[in-house]
>>> print(open('final17.cif').read())   # mmCIF, C-alpha atoms
data_query
#
loop_
_atom_site.label_atom_id
_atom_site.label_comp_id
_atom_site.auth_asym_id
_atom_site.auth_seq_id
_atom_site.Cartn_x
_atom_site.Cartn_y
_atom_site.Cartn_z
CA MET A 260 53.56 159.15 101.99
CA SER A 261 53.40 155.92 103.87
CA ASP A 262 51.28 152.96 102.87
CA VAL A 263 48.86 153.69 105.70
CA THR A 264 48.24 157.23 104.40
CA GLU A 265 47.75 155.95 100.86
CA SER A 266 45.15 153.44 102.05
CA PHE A 267 43.26 156.18 103.95
CA ASP A 268 40.13 157.16 102.03
CA PRO A 269 38.33 160.25 103.36
CA ARG A 270 35.28 159.36 101.26
CA THR A 271 34.51 156.80 103.97
CA ILE A 272 34.04 159.65 106.45
CA THR A 273 30.40 160.56 106.01
CA ARG A 274 29.42 160.92 109.67
CA PRO A 275 31.28 161.65 112.88
CA ASP A 276 32.34 158.67 114.97
CA HIS A 277 29.71 157.41 117.41
CA SER A 278 31.96 158.26 120.38
CA LEU A 279 31.30 161.94 119.61
CA LEU A 280 27.86 161.54 121.16
CA SER A 281 29.48 160.23 124.35
CA TYR A 282 31.84 163.20 124.30
CA TYR A 283 28.88 165.57 123.93
CA THR A 284 27.16 163.84 126.87
CA VAL A 285 30.19 164.30 129.13
CA ILE A 286 30.66 167.94 128.09
CA SER A 287 26.98 168.63 128.74
CA ALA A 288 27.09 166.85 132.12
CA LEU A 289 29.90 169.18 133.19
CA THR A 290 27.47 172.10 132.88
CA LEU A 291 25.36 170.50 135.67
CA ILE A 292 22.01 172.30 135.77
CA ALA A 293 22.25 173.51 132.17
CA PHE A 294 22.60 169.92 130.90
CA PRO A 295 19.39 169.77 128.81
CA PHE A 296 20.02 173.17 127.25
CA VAL A 297 23.54 172.20 126.22
CA PHE A 298 22.96 168.56 125.34
CA LEU A 299 19.88 168.84 123.11
CA PRO A 300 21.45 171.10 120.43
CA LEU A 301 24.58 168.92 120.42
CA TYR A 302 22.47 165.76 120.19
CA PHE A 303 20.58 167.05 117.15
CA LYS A 304 23.78 168.31 115.55
CA TYR A 305 25.38 164.88 116.00
CA HIS A 306 22.43 163.08 114.39
CA THR A 307 22.21 165.43 111.40
CA LEU A 308 25.93 166.01 110.80
CA ARG A 309 27.14 164.75 107.41
CA TYR A 310 30.46 165.01 105.57
CA ALA A 311 31.28 164.47 101.91
CA PHE A 312 34.75 164.48 100.38
CA ASP A 313 34.91 164.55 96.59
CA ASP A 314 37.54 165.34 93.95
CA LYS A 315 36.97 169.10 94.12
CA GLY A 316 36.33 169.78 97.81
CA VAL A 317 34.72 168.91 101.11
CA ALA A 318 31.10 169.46 102.19
CA MET A 319 29.55 169.54 105.63
CA SER A 320 25.89 169.88 106.57
CA TRP A 321 23.81 169.73 109.74
CA GLY A 322 20.64 171.03 111.35
CA ILE A 323 16.93 170.31 111.65
CA LEU A 324 15.11 173.63 111.89
CA PHE A 325 17.96 175.72 110.55
CA ARG A 326 19.89 173.67 108.01
CA ARG A 327 23.48 174.74 107.48
CA GLU A 328 25.65 173.60 104.59
CA ILE A 329 29.26 174.45 103.84
CA TYR A 330 31.25 173.49 100.75
CA LEU A 331 34.94 174.32 100.47
CA THR A 332 37.01 173.59 97.41
CA TYR A 333 40.52 172.34 98.08
CA ARG A 334 41.91 175.41 96.28
CA ARG A 335 40.33 177.77 98.84
CA ILE A 336 41.91 176.04 101.85
CA GLN A 337 44.65 178.13 103.44
CA ASP A 338 45.46 176.26 106.64
CA ILE A 339 44.45 173.18 108.60
CA HIS A 340 44.61 172.73 112.38
CA VAL A 341 44.13 169.55 114.40
CA SER A 342 42.98 170.02 117.99
CA ARG A 343 42.30 167.58 120.78
CA GLY A 344 41.13 168.56 124.24
CA ILE A 345 41.79 166.29 127.18
CA ILE A 346 38.30 164.80 127.05
CA GLN A 347 38.50 164.38 123.27
CA ARG A 348 41.78 162.46 123.69
CA TRP A 349 40.08 160.26 126.28
CA PHE A 350 37.51 159.28 123.62
CA GLY A 351 40.15 159.07 120.86
CA LEU A 352 38.58 161.98 118.97
CA ALA A 353 39.92 165.13 117.36
CA SER A 354 38.69 168.17 115.47
CA VAL A 355 40.15 169.27 112.16
CA ALA A 356 39.67 173.01 111.61
CA ILE A 357 39.88 174.16 107.99
CA GLN A 358 40.62 177.84 107.36
CA THR A 359 40.24 179.88 104.21
CA ALA A 360 41.15 183.43 103.32
CA SER A 361 37.58 184.55 103.96
CA GLY A 362 38.61 187.17 106.48
CA SER A 363 36.89 185.56 109.45
CA ALA A 364 38.92 185.01 112.61
CA GLY A 365 37.81 181.41 113.09
CA ALA A 366 37.82 178.33 110.96
CA GLU A 367 35.46 178.18 107.99
CA MET A 368 34.73 174.52 108.71
CA THR A 369 35.53 172.18 111.59
CA VAL A 370 35.31 168.45 110.99
CA VAL A 371 34.51 167.00 114.43
CA GLY A 372 34.47 163.42 115.64
CA VAL A 373 37.47 162.27 113.60
CA LEU A 374 39.45 159.20 114.67
CA GLN A 375 42.37 159.67 112.24
CA PRO A 376 42.94 163.44 112.18
CA GLU A 377 46.57 163.34 111.02
CA MET A 378 45.66 161.28 107.97
CA LEU A 379 42.76 163.60 107.15
CA ARG A 380 45.02 166.64 107.60
CA ASP A 381 47.70 165.13 105.33
CA PHE A 382 45.06 164.29 102.72
CA LEU A 383 43.70 167.86 102.78
CA TYR A 384 47.21 169.34 102.58
CA SER A 385 48.03 167.19 99.56
CA LYS A 386 44.80 168.27 97.84
CA MET A 387 45.23 171.96 98.62
CA ARG A 388 48.81 171.93 97.33
CA GLY A 389 47.88 170.14 94.13
CA GLY A 390 49.49 166.85 95.06
CA GLN A 391 46.38 165.02 93.94
CA GLU A 392 46.23 162.28 91.41
CA ARG A 393 45.61 163.98 88.09
CA GLY A 394 42.93 162.27 86.07
CA ASP A 395 40.72 164.62 84.11
CA ASP A 396 42.24 167.54 86.06
CA THR A 397 45.49 167.35 84.05
CA ALA A 398 44.06 169.57 81.34
CA ASP A 399 43.00 172.12 83.98
CA GLY A 400 46.52 172.13 85.44
CA VAL A 401 48.04 172.68 82.01
CA GLU A 402 45.59 175.52 81.29
CA ASP A 403 46.41 177.13 84.65
CA ALA A 404 50.14 176.97 83.88
CA THR A 405 49.57 178.39 80.40
CA ASP A 406 47.47 181.25 81.82
CA ALA A 407 50.21 182.02 84.34
CA ASP A 408 52.86 182.01 81.60
CA GLU A 409 50.76 184.36 79.46
CA ALA A 410 50.19 186.70 82.40
CA LEU A 411 53.91 186.72 83.19
CA ALA A 412 54.76 187.48 79.55
CA LEU A 413 52.24 190.34 79.52
CA LEU A 414 53.67 191.79 82.74
CA ARG A 415 57.19 191.65 81.30
CA GLU A 416 55.98 193.39 78.15
CA ILE A 417 54.36 196.15 80.24
CA ARG A 418 57.54 196.52 82.32
CA ASP A 419 59.69 196.82 79.21
CA GLU A 420 57.30 199.39 77.69
CA LEU A 421 57.40 201.46 80.90
CA LYS A 422 61.20 201.38 80.88
CA HIS A 423 61.17 202.47 77.25
CA LEU A 424 58.77 205.33 78.04
CA GLY A 425 60.99 206.45 80.93
CA ARG A 426 64.07 206.64 78.65
CA ASP A 427 62.29 208.58 75.91
CA GLY A 428 60.99 211.17 78.35
CA GLY A 429 57.40 210.04 77.89
CA GLU A 430 57.21 210.83 74.17
CA THR A 431 55.99 208.01 71.98
CA ALA A 432 54.65 207.74 68.51
CA PRO A 433 50.90 206.98 68.26
#
>>> encode(input="final17.cif", output="structure tokens")
Amino acid sequence: MSDVTESFDPRTITRPDHSLLSYYTVISALTLIAFPFVFLPLYFKYHTLRYAFDDKGVAMSWGILFRREIYLTYRRIQDIHVSRGIIQRWFGLASVAIQTASGSAGAEMTVVGVLQPEMLRDFLYSKMRGGQERGDDTADGVEDATDADEALALLREIRDELKHLGRDGGETAP
């Protein structure tokens, strides 16, 4: 990773950039007569939208009447997409869509109003692939490897026993 990526700290992203509100205004204005019906929900979403990146995952919450909260652990992340429409590029914004294996067609979480989407994407990829700095998590990583080794040994033992049963014609001593 470059020095710029290493100095990037997603914990500083707690709210979308203020230019997201301008983007919402332009998008709503393009609907002409439906402006108030489109703008008001986006306005309230912008003012209540919060992000939190910690050592285990990412959280997002928004809403006034109907509060919505999403928490994804880095281990559950399957894929990450960065998208920028023409108007988003004009404002210097992007959206980072985070997908899991939940079975839904769309993204589980979309981080909107991001100014440095490539750095956020690279950070998320490094976390989801286990390229994180290992502090207290080292013991967890060792336990996971040990569990995998034990499972592999058990599967080999079962395979060998099945081969043995196949050679003996299915007769074994109790």
>>> closest_residue(input="final17.cif", among="A:Leu411, A:Val285, A:Leu383, A:Ile336", to="Gln358 (chain A)", atoms="all atoms listed in the file")
A:Ile336
>>> closest_atom_pairs(input="final17.cif", of="region 318-364 of chain A", to="region 267-273 of chain A", cutoff="12 Å", atoms="all atoms listed in the file", output="JSON lines")
{"residue": "A:Ala318", "atom": "CA", "partner": "A:Thr273", "partner_atom": "CA", "distance": 9.7}
{"residue": "A:Met319", "atom": "CA", "partner": "A:Thr273", "partner_atom": "CA", "distance": 9.0}
{"residue": "A:Ser320", "atom": "CA", "partner": "A:Thr273", "partner_atom": "CA", "distance": 10.4}
{"residue": "A:Trp321", "atom": "CA", "partner": "A:Thr273", "partner_atom": "CA", "distance": 11.9}
>>> write_last_selection(input="final17.cif", atoms="C-alpha atoms", output="compact mmCIF listing (two decimals), in the frame of the given file")
# COMPACT_ATOMS: atom_id res chain seq x y z
CA ALA A 318 31.10 169.46 102.19
CA MET A 319 29.55 169.54 105.63
CA SER A 320 25.89 169.88 106.57
CA TRP A 321 23.81 169.73 109.74
>>> atom_distance(input="final17.cif", atom1="CA of Asp338 (chain A)", atom2="CA of Leu352 (chain A)")
20.1 Å
>>> closest_residue(input="final17.cif", among="A:Arg326, A:Phe303, A:Lys315, A:Leu374", to="Arg348 (chain A)", atoms="only C-alpha atoms")
A:Leu374
>>> residues_around(input="final17.cif", residues="Tyr302 (chain A)", least_positions_apart="2", cutoff="12 Å", atoms="all atoms listed in the file", output="PyMOL selection string")
chain A and resi 277+279-287+294-300+304-308+321-323
>>> write_last_selection(input="final17.cif", atoms="C-alpha atoms", output="short mmCIF file (atom, residue, chain, number, x, y, z; two decimals), in the frame of the given file")
data_model
loop_
_atom_site.label_atom_id
_atom_site.label_comp_id
_atom_site.auth_asym_id
_atom_site.auth_seq_id
_atom_site.Cartn_x
_atom_site.Cartn_y
_atom_site.Cartn_z
CA HIS A 277 29.71 157.41 117.41
CA LEU A 279 31.30 161.94 119.61
CA LEU A 280 27.86 161.54 121.16
CA SER A 281 29.48 160.23 124.35
CA TYR A 282 31.84 163.20 124.30
CA TYR A 283 28.88 165.57 123.93
CA THR A 284 27.16 163.84 126.87
CA VAL A 285 30.19 164.30 129.13
CA ILE A 286 30.66 167.94 128.09
CA SER A 287 26.98 168.63 128.74
CA PHE A 294 22.60 169.92 130.90
CA PRO A 295 19.39 169.77 128.81
CA PHE A 296 20.02 173.17 127.25
CA VAL A 297 23.54 172.20 126.22
CA PHE A 298 22.96 168.56 125.34
CA LEU A 299 19.88 168.84 123.11
CA PRO A 300 21.45 171.10 120.43
CA LYS A 304 23.78 168.31 115.55
CA TYR A 305 25.38 164.88 116.00
CA HIS A 306 22.43 163.08 114.39
CA THR A 307 22.21 165.43 111.40
CA LEU A 308 25.93 166.01 110.80
CA TRP A 321 23.81 169.73 109.74
CA GLY A 322 20.64 171.03 111.35
CA ILE A 323 16.93 170.31 111.65
#
>>> atom_distance(input="final17.cif", atom1="CA of Val373 (chain A)", atom2="CA of Ser278 (chain A)")
9.6 Å
>>> residues_near_point(input="final17.cif", point="(32.3, 177.8, 107.5)", cutoff="9 Å", atoms="all atoms listed in the file", output="VMD selection string")
chain A and resid 319 328 to 331 357 to 359 365 to 369
>>> atom_distance(input="final17.cif", atom1="CA of Val371 (chain A)", atom2="CA of Arg335 (chain A)")
19.8 Å
>>> resolve_selection(input="final17.cif", expression="the PyMOL selection byres ((chain A and resi 314) around 9)", output="ChimeraX atom specification")
/A:312-313,315-317,332-333,386,391
>>> closest_residue(input="final17.cif", among="A:Thr290, A:Arg415, A:Ser342, A:Tyr384", to="Gly372 (chain A)", atoms="only C-alpha atoms")
A:Ser342
>>> closest_residue(input="final17.cif", among="A:Ala364, A:Arg380, A:Ser354, A:Val370", to="Arg274 (chain A)", atoms="all atoms listed in the file")
A:Val370
